[in-house]
file work-v2.cif (mmCIF, C-alpha atoms and all ligand atoms)
data_model
loop_
_atom_site.label_atom_id
_atom_site.label_comp_id
_atom_site.auth_asym_id
_atom_site.auth_seq_id
_atom_site.Cartn_x
_atom_site.Cartn_y
_atom_site.Cartn_z
CA MET M 173 24.72 16.35 9.00
CA THR M 174 23.71 12.90 7.88
CA ASP M 175 21.36 11.97 5.03
CA PRO M 176 17.84 10.52 4.89
CA THR M 177 19.12 7.02 4.10
CA ALA M 178 21.28 7.03 7.22
CA VAL M 179 18.30 8.23 9.24
CA ASP M 180 16.25 5.29 7.93
CA ARG M 181 19.06 2.93 8.98
CA TYR M 182 19.09 4.48 12.44
CA LEU M 183 15.30 4.40 12.87
CA ASP M 184 15.01 0.88 11.45
CA GLY M 185 17.72 -0.42 13.77
CA LEU M 186 16.06 1.13 16.77
CA LEU M 187 12.34 0.68 16.10
CA VAL M 188 11.58 -1.51 13.11
CA GLN M 189 13.96 -4.45 13.21
CA GLU M 190 12.81 -6.13 10.02
CA ASP M 191 12.97 -9.87 10.77
CA SER M 192 14.51 -12.60 8.63
CA VAL M 193 11.20 -13.41 6.88
CA LEU M 194 10.77 -9.80 5.74
CA ALA M 195 14.45 -9.51 4.82
CA ALA M 196 14.14 -12.69 2.75
CA ALA M 197 11.04 -11.37 1.00
CA ARG M 198 12.87 -8.18 0.08
CA ALA M 199 15.94 -10.14 -1.06
CA ASP M 200 13.87 -12.52 -3.18
CA ALA M 201 12.08 -9.60 -4.85
CA GLU M 202 15.46 -8.25 -5.85
CA ALA M 203 16.82 -11.65 -6.89
CA ALA M 204 13.75 -12.21 -9.10
CA GLY M 205 14.41 -8.88 -10.81
CA LEU M 206 11.19 -7.24 -9.64
CA PRO M 207 11.02 -3.42 -9.81
CA ALA M 208 12.63 -1.81 -6.75
CA HIS M 209 9.29 -0.52 -5.51
CA THR M 210 8.99 -2.48 -2.28
CA VAL M 211 8.04 -0.19 0.61
CA ALA M 212 10.81 0.68 3.04
CA ALA M 213 10.91 -1.28 6.30
CA ASN M 214 9.71 1.69 8.36
CA GLN M 215 6.94 2.31 5.83
CA GLY M 216 5.87 -1.33 6.03
CA LYS M 217 5.71 -1.00 9.77
CA LEU M 218 3.67 2.19 9.39
CA LEU M 219 1.11 0.20 7.37
CA HIS M 220 1.16 -2.47 10.07
CA LEU M 221 0.54 0.10 12.80
CA LEU M 222 -2.24 1.81 10.86
CA ALA M 223 -3.97 -1.53 10.32
CA ARG M 224 -3.69 -2.35 14.02
CA ALA M 225 -4.79 1.14 15.06
CA VAL M 226 -8.04 0.83 13.11
CA GLY M 227 -8.48 -2.76 14.31
CA ALA M 228 -8.43 -4.03 10.73
CA ARG M 229 -9.55 -7.61 10.18
CA ARG M 230 -10.06 -7.35 6.43
CA VAL M 231 -7.45 -5.57 4.33
CA LEU M 232 -7.41 -4.98 0.58
CA GLU M 233 -4.14 -4.26 -1.19
CA LEU M 234 -3.78 -3.14 -4.81
CA GLY M 235 -0.32 -4.00 -6.11
CA THR M 236 1.22 -7.03 -4.40
CA LEU M 237 4.66 -6.97 -6.02
CA ALA M 238 6.67 -9.45 -3.89
CA GLY M 239 4.29 -9.40 -0.95
CA TYR M 240 6.54 -7.43 1.39
CA SER M 241 3.90 -4.90 2.48
CA THR M 242 1.41 -7.76 2.37
CA ILE M 243 3.37 -9.52 5.12
CA TRP M 244 3.30 -6.42 7.32
CA LEU M 245 -0.46 -6.06 6.75
CA ALA M 246 -1.20 -9.77 7.23
CA ARG M 247 0.67 -9.76 10.53
CA ALA M 248 -1.54 -6.86 11.63
CA VAL M 249 -4.89 -8.55 10.99
CA GLY M 250 -4.17 -11.55 13.21
CA PRO M 251 -4.90 -15.24 12.61
CA GLU M 252 -8.63 -14.62 12.09
CA GLY M 253 -8.02 -11.72 9.71
CA ARG M 254 -7.75 -11.76 5.94
CA VAL M 255 -5.79 -9.83 3.33
CA VAL M 256 -6.84 -9.77 -0.30
CA THR M 257 -4.08 -8.52 -2.56
CA CYS M 258 -4.35 -7.83 -6.30
CA GLU M 259 -1.41 -8.25 -8.68
CA ILE M 260 -1.50 -7.87 -12.44
CA ASP M 261 1.77 -9.70 -13.13
CA PRO M 262 1.57 -13.50 -12.65
CA SER M 263 5.35 -13.79 -12.14
CA PHE M 264 5.26 -11.16 -9.37
CA ALA M 265 2.31 -13.00 -7.81
CA ARG M 266 4.33 -16.24 -7.77
CA VAL M 267 7.20 -14.54 -5.92
CA ALA M 268 4.66 -13.08 -3.47
CA ALA M 269 2.96 -16.43 -2.88
CA ALA M 270 6.32 -18.01 -2.04
CA ASN M 271 7.19 -15.15 0.31
CA LEU M 272 3.81 -15.37 2.06
CA HIS M 273 4.10 -19.14 2.38
CA ARG M 274 7.55 -18.83 3.95
CA ALA M 275 6.13 -16.19 6.30
CA GLY M 276 3.49 -18.69 7.44
CA LEU M 277 0.77 -16.32 6.22
CA GLY M 278 -0.47 -18.20 3.18
CA ASP M 279 -3.72 -19.12 4.89
CA ARG M 280 -4.74 -15.54 5.65
CA VAL M 281 -3.76 -13.95 2.33
CA GLU M 282 -5.39 -14.34 -1.05
CA VAL M 283 -3.29 -13.22 -4.02
CA LEU M 284 -5.60 -12.45 -6.94
CA VAL M 285 -3.94 -12.17 -10.34
CA GLY M 286 -5.34 -9.68 -12.83
CA PRO M 287 -6.04 -5.98 -13.31
CA ALA M 288 -7.12 -4.61 -9.92
CA ALA M 289 -10.07 -2.67 -11.36
CA GLU M 290 -11.51 -5.91 -12.76
CA THR M 291 -10.65 -8.01 -9.72
CA MET M 292 -12.39 -5.54 -7.41
CA GLN M 293 -15.66 -6.05 -9.29
CA ARG M 294 -15.70 -9.66 -8.02
CA LEU M 295 -14.91 -8.84 -4.38
CA GLU M 296 -17.25 -8.45 -1.49
CA GLY M 297 -16.67 -5.71 1.05
CA PRO M 298 -16.39 -4.09 3.33
CA PHE M 299 -12.67 -3.87 3.95
CA ASP M 300 -11.35 -2.06 7.02
CA LEU M 301 -8.20 -0.76 5.36
CA VAL M 302 -7.24 -0.44 1.70
CA PHE M 303 -3.66 0.07 0.56
CA ILE M 304 -3.45 1.45 -2.98
CA ASP M 305 0.00 0.73 -4.41
CA ALA M 306 -0.52 -0.49 -7.98
CA ASP M 307 0.05 1.51 -11.19
CA LYS M 308 -0.30 5.13 -10.12
CA ALA M 309 -1.65 6.22 -13.52
CA SER M 310 -4.85 4.32 -12.61
CA ASN M 311 -5.24 5.63 -9.06
CA ASP M 312 -8.30 7.66 -10.02
CA VAL M 313 -9.83 4.61 -11.67
CA TYR M 314 -9.29 2.60 -8.49
CA LEU M 315 -10.98 5.01 -6.12
CA PRO M 316 -14.68 4.35 -7.00
CA PRO M 317 -14.44 0.54 -6.66
CA VAL M 318 -12.38 0.97 -3.48
CA LEU M 319 -15.15 3.17 -2.05
CA ALA M 320 -17.72 0.57 -3.08
CA LEU M 321 -15.77 -1.95 -0.99
CA SER M 322 -15.50 0.42 2.00
CA ARG M 323 -17.68 1.34 4.99
CA ALA M 324 -17.76 4.31 7.34
CA GLY M 325 -14.46 3.99 9.18
CA THR M 326 -12.47 2.39 6.38
CA LEU M 327 -8.98 3.85 6.09
CA ILE M 328 -7.60 4.28 2.57
CA VAL M 329 -3.83 4.61 2.25
CA ALA M 330 -2.19 5.44 -1.09
CA ASP M 331 1.55 5.10 -1.70
CA ASN M 332 3.75 7.27 -3.92
CA VAL M 333 1.61 10.39 -4.09
CA VAL M 334 4.50 12.86 -4.21
CA ARG M 335 6.92 11.39 -6.76
CA GLU M 336 9.79 13.79 -6.16
CA GLY M 337 7.40 16.70 -6.15
CA ALA M 338 5.91 16.00 -9.60
CA VAL M 339 2.46 15.84 -8.04
CA ALA M 340 2.48 19.59 -7.41
CA ASP M 341 3.12 20.39 -11.10
CA PRO M 342 -0.17 20.75 -12.99
CA ALA M 343 1.77 20.40 -16.26
CA THR M 344 3.67 17.27 -15.23
CA GLY M 345 4.34 14.87 -18.08
CA ASP M 346 4.60 11.92 -15.67
CA PRO M 347 1.52 9.70 -16.22
CA SER M 348 1.88 8.40 -12.64
CA ALA M 349 1.84 11.92 -11.19
CA GLN M 350 -1.11 12.76 -13.44
CA GLY M 351 -2.99 9.72 -12.11
CA VAL M 352 -2.20 10.73 -8.55
CA ARG M 353 -3.42 14.28 -9.24
CA ARG M 354 -6.73 12.97 -10.64
CA PHE M 355 -7.01 10.66 -7.61
CA LEU M 356 -6.38 13.51 -5.17
CA ASP M 357 -8.93 15.69 -6.99
CA LEU M 358 -11.54 12.95 -6.51
CA VAL M 359 -10.57 12.52 -2.87
CA ALA M 360 -10.79 16.26 -2.23
CA ALA M 361 -14.21 16.49 -3.89
CA ASP M 362 -15.78 13.53 -2.07
CA PRO M 363 -17.71 14.63 1.04
CA ARG M 364 -17.35 11.10 2.50
CA LEU M 365 -13.57 11.40 2.64
CA THR M 366 -11.46 13.22 5.21
CA ALA M 367 -7.93 13.23 3.87
CA THR M 368 -4.37 14.35 4.15
CA ALA M 369 -1.09 13.59 2.42
CA VAL M 370 2.39 13.61 3.89
CA GLN M 371 5.76 13.78 2.14
CA THR M 372 8.43 11.25 3.04
CA VAL M 373 12.17 10.98 2.48
CA GLY M 374 14.44 8.02 3.11
CA VAL M 375 15.63 4.94 1.26
CA LYS M 376 12.75 5.32 -1.22
CA GLY M 377 13.72 8.89 -2.06
CA TRP M 378 11.28 11.80 -1.94
CA ASP M 379 7.72 10.57 -2.03
CA GLY M 380 4.68 10.38 0.23
CA PHE M 381 1.48 8.78 1.41
CA ALA M 382 -2.13 9.94 1.20
CA LEU M 383 -4.58 8.91 3.90
CA ALA M 384 -8.34 9.15 3.54
CA LEU M 385 -10.88 8.13 6.15
CA VAL M 386 -14.33 7.16 4.89
CA SER M 387 -17.41 8.42 6.67
CA ASP M 388 -21.14 8.19 5.97
CA ALA M 389 -21.74 11.77 5.08
CA ALA M 390 -19.99 15.09 4.80
CA ALA M 391 -17.70 15.25 7.83
CA ARG M 392 -14.43 17.06 7.82
C1 LIG B 401 7.01 3.24 -8.23
C2 LIG B 401 5.98 2.50 -7.72
C3 LIG B 401 5.89 2.26 -6.37
O1 LIG B 401 4.87 1.57 -5.80
C4 LIG B 401 6.85 2.77 -5.51
O2 LIG B 401 6.69 2.55 -4.18
C5 LIG B 401 7.90 3.51 -6.02
C6 LIG B 401 7.99 3.75 -7.38
C7 LIG B 401 7.08 3.49 -9.69
O3 LIG B 401 6.21 3.02 -10.42
O4 LIG B 401 8.02 4.16 -10.13
MG MG B 402 4.66 2.04 -3.74
#
call {"tool": "encode", "arguments": {"input": "work-v2.cif", "output": "structure tokens"}}
result
Amino acid sequence: MTDPTAVDRYLDGLLVQEDSVLAAARADAEAAGLPAHTVAANQGKLLHLLARAVGARRVLELGTLAGYSTIWLARAVGPEGRVVTCEIDPSFARVAAANLHRAGLGDRVEVLVGPAAETMQRLEGPFDLVFIDADKASNDVYLPPVLALSRAGTLIVADNVVREGAVADPATGDPSAQGVRRFLDLVAADPRLTATAVQTVGVKGWDGFALALVSDAAAR
């Protein structure tokens, strides 16, 4: 019996093959002392595939960090596509800008520095895919402006919705898990959203993604 980390290594070697640009972005995030919250390689490729599957040309990301997932998403939208990514920490945004420049994607990505909830007020939609990966305690605050920037067919993806199972504990003291629970309550109650969430294990531990598809009216 092997462990989830070894399985990630196996799957990555076979299917993902993170290239030198992505590896450098991950390494520079670490070297700059950024939090170790970068998505796993196979998760980045999942985002890439989801963006391609929905034919995304405009992607919104909340929480840039070092721009690793941003690179996967920007590669999915093609040369005519655009990614807008919001980052509250100017030093993280600088690392991301350098990573995106090295990736040759600087011209299709806009890194906007500031609190995502405020930044979103200035944006014009619709976006085809939104990746929510900023401070989880605010996930419920992010959902209404994200929906305002969406259209029927927009796919919303939220990272870190399981948090080692804390999400299933109504009495959790983890502010991030509480934010995710409020977010999931809003998602569940919104007739425009058809949603699921899936647990993941691997190099990022035990966590998960939520997916919500926007439609015009009640449809699930
Ligand atoms: C945390 C945030 C993330 O985006 C992530 O992928 C993992 C952990 C965190 O805040 O702990
Ligand atoms: Mg995350």
call {"tool": "closest_residue", "arguments": {"input": "work-v2.cif", "among": "M:Asp312, M:Glu233, M:Asp362, M:Glu282", "to": "ligand LIG 401 (chain B)", "atoms": "all atoms listed in the file"}}
result
M:Glu233
call {"tool": "closest_atom_pairs", "arguments": {"input": "work-v2.cif", "of": "region 220-327 of chain M", "to": "region 383-389 of chain M", "cutoff": "6 Å", "atoms": "all atoms listed in the file", "output": "JSON lines"}}
result
{"residue": "M:Ala324", "atom": "CA", "partner": "M:Ser387", "partner_atom": "CA", "distance": 4.2}
{"residue": "M:Gly325", "atom": "CA", "partner": "M:Val386", "partner_atom": "CA", "distance": 5.3}
{"residue": "M:Thr326", "atom": "CA", "partner": "M:Val386", "partner_atom": "CA", "distance": 5.3}
{"residue": "M:Leu327", "atom": "CA", "partner": "M:Leu385", "partner_atom": "CA", "distance": 4.7}
call {"tool": "residues_around", "arguments": {"input": "work-v2.cif", "residues": "region 196-207 of chain M", "least_positions_apart": "4", "cutoff": "10 Å", "atoms": "all atoms listed in the file", "output": "list in words"}}
result
Glu190, Asp191, Ser192, Val211, Ala212, Ala213, Leu237, Ala238, Gly239, Tyr240, Ser241, Ile243, Ser263, Phe264, Val267, Ala268, Ala270, Asn271, Leu272, Arg274 and Ala275 of chain M
call {"tool": "residues_near_ligand", "arguments": {"input": "work-v2.cif", "ligand": "ligand LIG 401 (chain B)", "cutoff": "7 Å", "atoms": "only C-alpha atoms and all ligand atoms", "output": "list in words"}}
result
His209, Thr210, Val211, Asp305, Ala306, Asp307, Lys308, Asp331 and Asn332 of chain M
call {"tool": "closest_residue", "arguments": {"input": "work-v2.cif", "among": "M:Pro251, M:Gly377, M:Pro316, M:Pro347", "to": "Leu365 (chain M)", "atoms": "only C-alpha atoms"}}
result
M:Pro316
call {"tool": "closest_residue", "arguments": {"input": "work-v2.cif", "among": "M:Ala343, M:Leu186, M:Leu219, M:Ala265", "to": "Leu245 (chain M)", "atoms": "only C-alpha atoms"}}
result
M:Leu219
call {"tool": "residues_around", "arguments": {"input": "work-v2.cif", "residues": "Arg335 (chain M)", "least_positions_apart": "2", "cutoff": "7 Å", "atoms": "all atoms listed in the file", "output": "PDB file with C-alpha atoms, in the coordinates of the input"}}
result
ATOM      1  CA  ASN M 332       3.750   7.270  -3.920  1.00  0.00           C
ATOM      2  CA  VAL M 333       1.610  10.390  -4.090  1.00  0.00           C
ATOM      3  CA  GLY M 337       7.400  16.700  -6.150  1.00  0.00           C
ATOM      4  CA  ALA M 338       5.910  16.000  -9.600  1.00  0.00           C
ATOM      5  CA  VAL M 339       2.460  15.840  -8.040  1.00  0.00           C
ATOM      6  CA  ALA M 349       1.840  11.920 -11.190  1.00  0.00           C
ATOM      7  CA  TRP M 378      11.280  11.800  -1.940  1.00  0.00           C
ATOM      8  CA  ASP M 379       7.720  10.570  -2.030  1.00  0.00           C
TER       9      ASP M 379
END
call {"tool": "axis_aligned_box", "arguments": {"input": "work-v2.cif", "around": "region 363-369 of chain M", "padding_each_side": "6 Å", "output": "AutoDock Vina command-line options"}}
result
--center_x -9.4 --center_y 12.9 --center_z 3.1 --size_x 28.6 --size_y 15.5 --size_z 16.2
call {"tool": "residues_near_point", "arguments": {"input": "work-v2.cif", "point": "(-6.4, -19.8, 5.2)", "cutoff": "12 Å", "atoms": "all atoms listed in the file", "output": "number ranges by chain"}}
result
M: 246, 250-256, 272-273, 276-283
call {"tool": "atom_distance", "arguments": {"input": "work-v2.cif", "atom1": "CA of Ala228 (chain M)", "atom2": "CA of Val179 (chain M)"}}
result
29.4 Å
call {"tool": "closest_residue", "arguments": {"input": "work-v2.cif", "among": "M:Ala367, M:Val226, M:Ala178, M:Ala330", "to": "ligand MG 402 (chain B)", "atoms": "all atoms listed in the file"}}
result
M:Ala330
call {"tool": "closest_residue", "arguments": {"input": "work-v2.cif", "among": "M:Leu358, M:Cys258, M:Val375, M:Val249", "to": "Tyr182 (chain M)", "atoms": "all atoms listed in the file"}}
result
M:Val375
call {"tool": "atom_distance", "arguments": {"input": "work-v2.cif", "atom1": "CA of Val302 (chain M)", "atom2": "CA of Leu221 (chain M)"}}
result
13.6 Å
call {"tool": "closest_residue", "arguments": {"input": "work-v2.cif", "among": "M:Thr257, M:Thr372, M:Asn214, M:Gln350", "to": "Asn311 (chain M)", "atoms": "all atoms listed in the file"}}
result
M:Gln350
call {"tool": "atom_distance", "arguments": {"input": "work-v2.cif", "atom1": "CA of Gly286 (chain M)", "atom2": "CA of Val193 (chain M)"}}
result
26.0 Å
call {"tool": "residues_around", "arguments": {"input": "work-v2.cif", "residues": "Gly374 (chain M)", "least_positions_apart": "3", "cutoff": "7 Å", "atoms": "only C-alpha atoms", "output": "PyMOL selection string"}}
result
chain M and resi 176-177+180+377
call {"tool": "build_atoms", "arguments": {"input": "work-v2.cif", "residues": "region 336-355 of chain M", "atoms": "N, CA and C atoms", "output": "PDB file, keeping the file's coordinate frame"}}
result
ATOM      1  N   GLU M 336       8.752  12.753  -6.071  1.00  0.00           N
ATOM      2  CA  GLU M 336       9.790  13.790  -6.160  1.00  0.00           C
ATOM      3  C   GLU M 336       9.207  15.156  -6.488  1.00  0.00           C
ATOM      4  N   GLY M 337       8.015  15.386  -5.999  1.00  0.00           N
ATOM      5  CA  GLY M 337       7.400  16.700  -6.150  1.00  0.00           C
ATOM      6  C   GLY M 337       6.569  16.848  -7.415  1.00  0.00           C
ATOM      7  N   ALA M 338       6.626  15.882  -8.316  1.00  0.00           N
ATOM      8  CA  ALA M 338       5.910  16.000  -9.600  1.00  0.00           C
ATOM      9  C   ALA M 338       4.422  16.227  -9.396  1.00  0.00           C
ATOM     10  N   VAL M 339       3.901  15.734  -8.274  1.00  0.00           N
ATOM     11  CA  VAL M 339       2.460  15.840  -8.040  1.00  0.00           C
ATOM     12  C   VAL M 339       1.993  17.295  -7.976  1.00  0.00           C
ATOM     13  N   ALA M 340       2.885  18.192  -7.571  1.00  0.00           N
ATOM     14  CA  ALA M 340       2.480  19.590  -7.410  1.00  0.00           C
ATOM     15  C   ALA M 340       2.560  20.377  -8.715  1.00  0.00           C
ATOM     16  N   ASP M 341       2.988  19.716  -9.802  1.00  0.00           N
ATOM     17  CA  ASP M 341       3.120  20.390 -11.100  1.00  0.00           C
ATOM     18  C   ASP M 341       1.925  20.055 -11.981  1.00  0.00           C
ATOM     19  N   PRO M 342       1.033  21.032 -12.186  1.00  0.00           N
ATOM     20  CA  PRO M 342      -0.170  20.750 -12.990  1.00  0.00           C
ATOM     21  C   PRO M 342       0.184  20.326 -14.415  1.00  0.00           C
ATOM     22  N   ALA M 343       1.376  20.706 -14.889  1.00  0.00           N
ATOM     23  CA  ALA M 343       1.770  20.400 -16.260  1.00  0.00           C
ATOM     24  C   ALA M 343       2.693  19.182 -16.324  1.00  0.00           C
ATOM     25  N   THR M 344       2.752  18.405 -15.243  1.00  0.00           N
ATOM     26  CA  THR M 344       3.670  17.270 -15.230  1.00  0.00           C
ATOM     27  C   THR M 344       3.409  16.333 -16.409  1.00  0.00           C
ATOM     28  N   GLY M 345       4.486  15.832 -16.991  1.00  0.00           N
ATOM     29  CA  GLY M 345       4.340  14.870 -18.080  1.00  0.00           C
ATOM     30  C   GLY M 345       4.365  13.435 -17.575  1.00  0.00           C
ATOM     31  N   ASP M 346       4.499  13.257 -16.266  1.00  0.00           N
ATOM     32  CA  ASP M 346       4.600  11.920 -15.670  1.00  0.00           C
ATOM     33  C   ASP M 346       3.192  11.326 -15.519  1.00  0.00           C
ATOM     34  N   PRO M 347       2.872  10.278 -16.274  1.00  0.00           N
ATOM     35  CA  PRO M 347       1.520   9.700 -16.220  1.00  0.00           C
ATOM     36  C   PRO M 347       1.153   9.249 -14.802  1.00  0.00           C
ATOM     37  N   SER M 348       2.146   8.819 -14.022  1.00  0.00           N
ATOM     38  CA  SER M 348       1.880   8.400 -12.640  1.00  0.00           C
ATOM     39  C   SER M 348       1.447   9.604 -11.806  1.00  0.00           C
ATOM     40  N   ALA M 349       2.191  10.704 -11.937  1.00  0.00           N
ATOM     41  CA  ALA M 349       1.840  11.920 -11.190  1.00  0.00           C
ATOM     42  C   ALA M 349       0.480  12.441 -11.642  1.00  0.00           C
ATOM     43  N   GLN M 350       0.205  12.325 -12.941  1.00  0.00           N
ATOM     44  CA  GLN M 350      -1.110  12.760 -13.440  1.00  0.00           C
ATOM     45  C   GLN M 350      -2.225  11.921 -12.811  1.00  0.00           C
ATOM     46  N   GLY M 351      -1.998  10.608 -12.724  1.00  0.00           N
ATOM     47  CA  GLY M 351      -2.990   9.720 -12.110  1.00  0.00           C
ATOM     48  C   GLY M 351      -3.204  10.052 -10.649  1.00  0.00           C
ATOM     49  N   VAL M 352      -2.103  10.354  -9.958  1.00  0.00           N
ATOM     50  CA  VAL M 352      -2.200  10.730  -8.550  1.00  0.00           C
ATOM     51  C   VAL M 352      -2.971  12.042  -8.408  1.00  0.00           C
ATOM     52  N   ARG M 353      -2.700  12.997  -9.305  1.00  0.00           N
ATOM     53  CA  ARG M 353      -3.420  14.280  -9.240  1.00  0.00           C
ATOM     54  C   ARG M 353      -4.923  14.078  -9.457  1.00  0.00           C
ATOM     55  N   ARG M 354      -5.293  13.243 -10.424  1.00  0.00           N
ATOM     56  CA  ARG M 354      -6.730  12.970 -10.640  1.00  0.00           C
ATOM     57  C   ARG M 354      -7.331  12.282  -9.420  1.00  0.00           C
ATOM     58  N   PHE M 355      -6.570  11.359  -8.826  1.00  0.00           N
ATOM     59  CA  PHE M 355      -7.010  10.660  -7.610  1.00  0.00           C
ATOM     60  C   PHE M 355      -7.223  11.657  -6.476  1.00  0.00           C
TER      61      PHE M 355
END
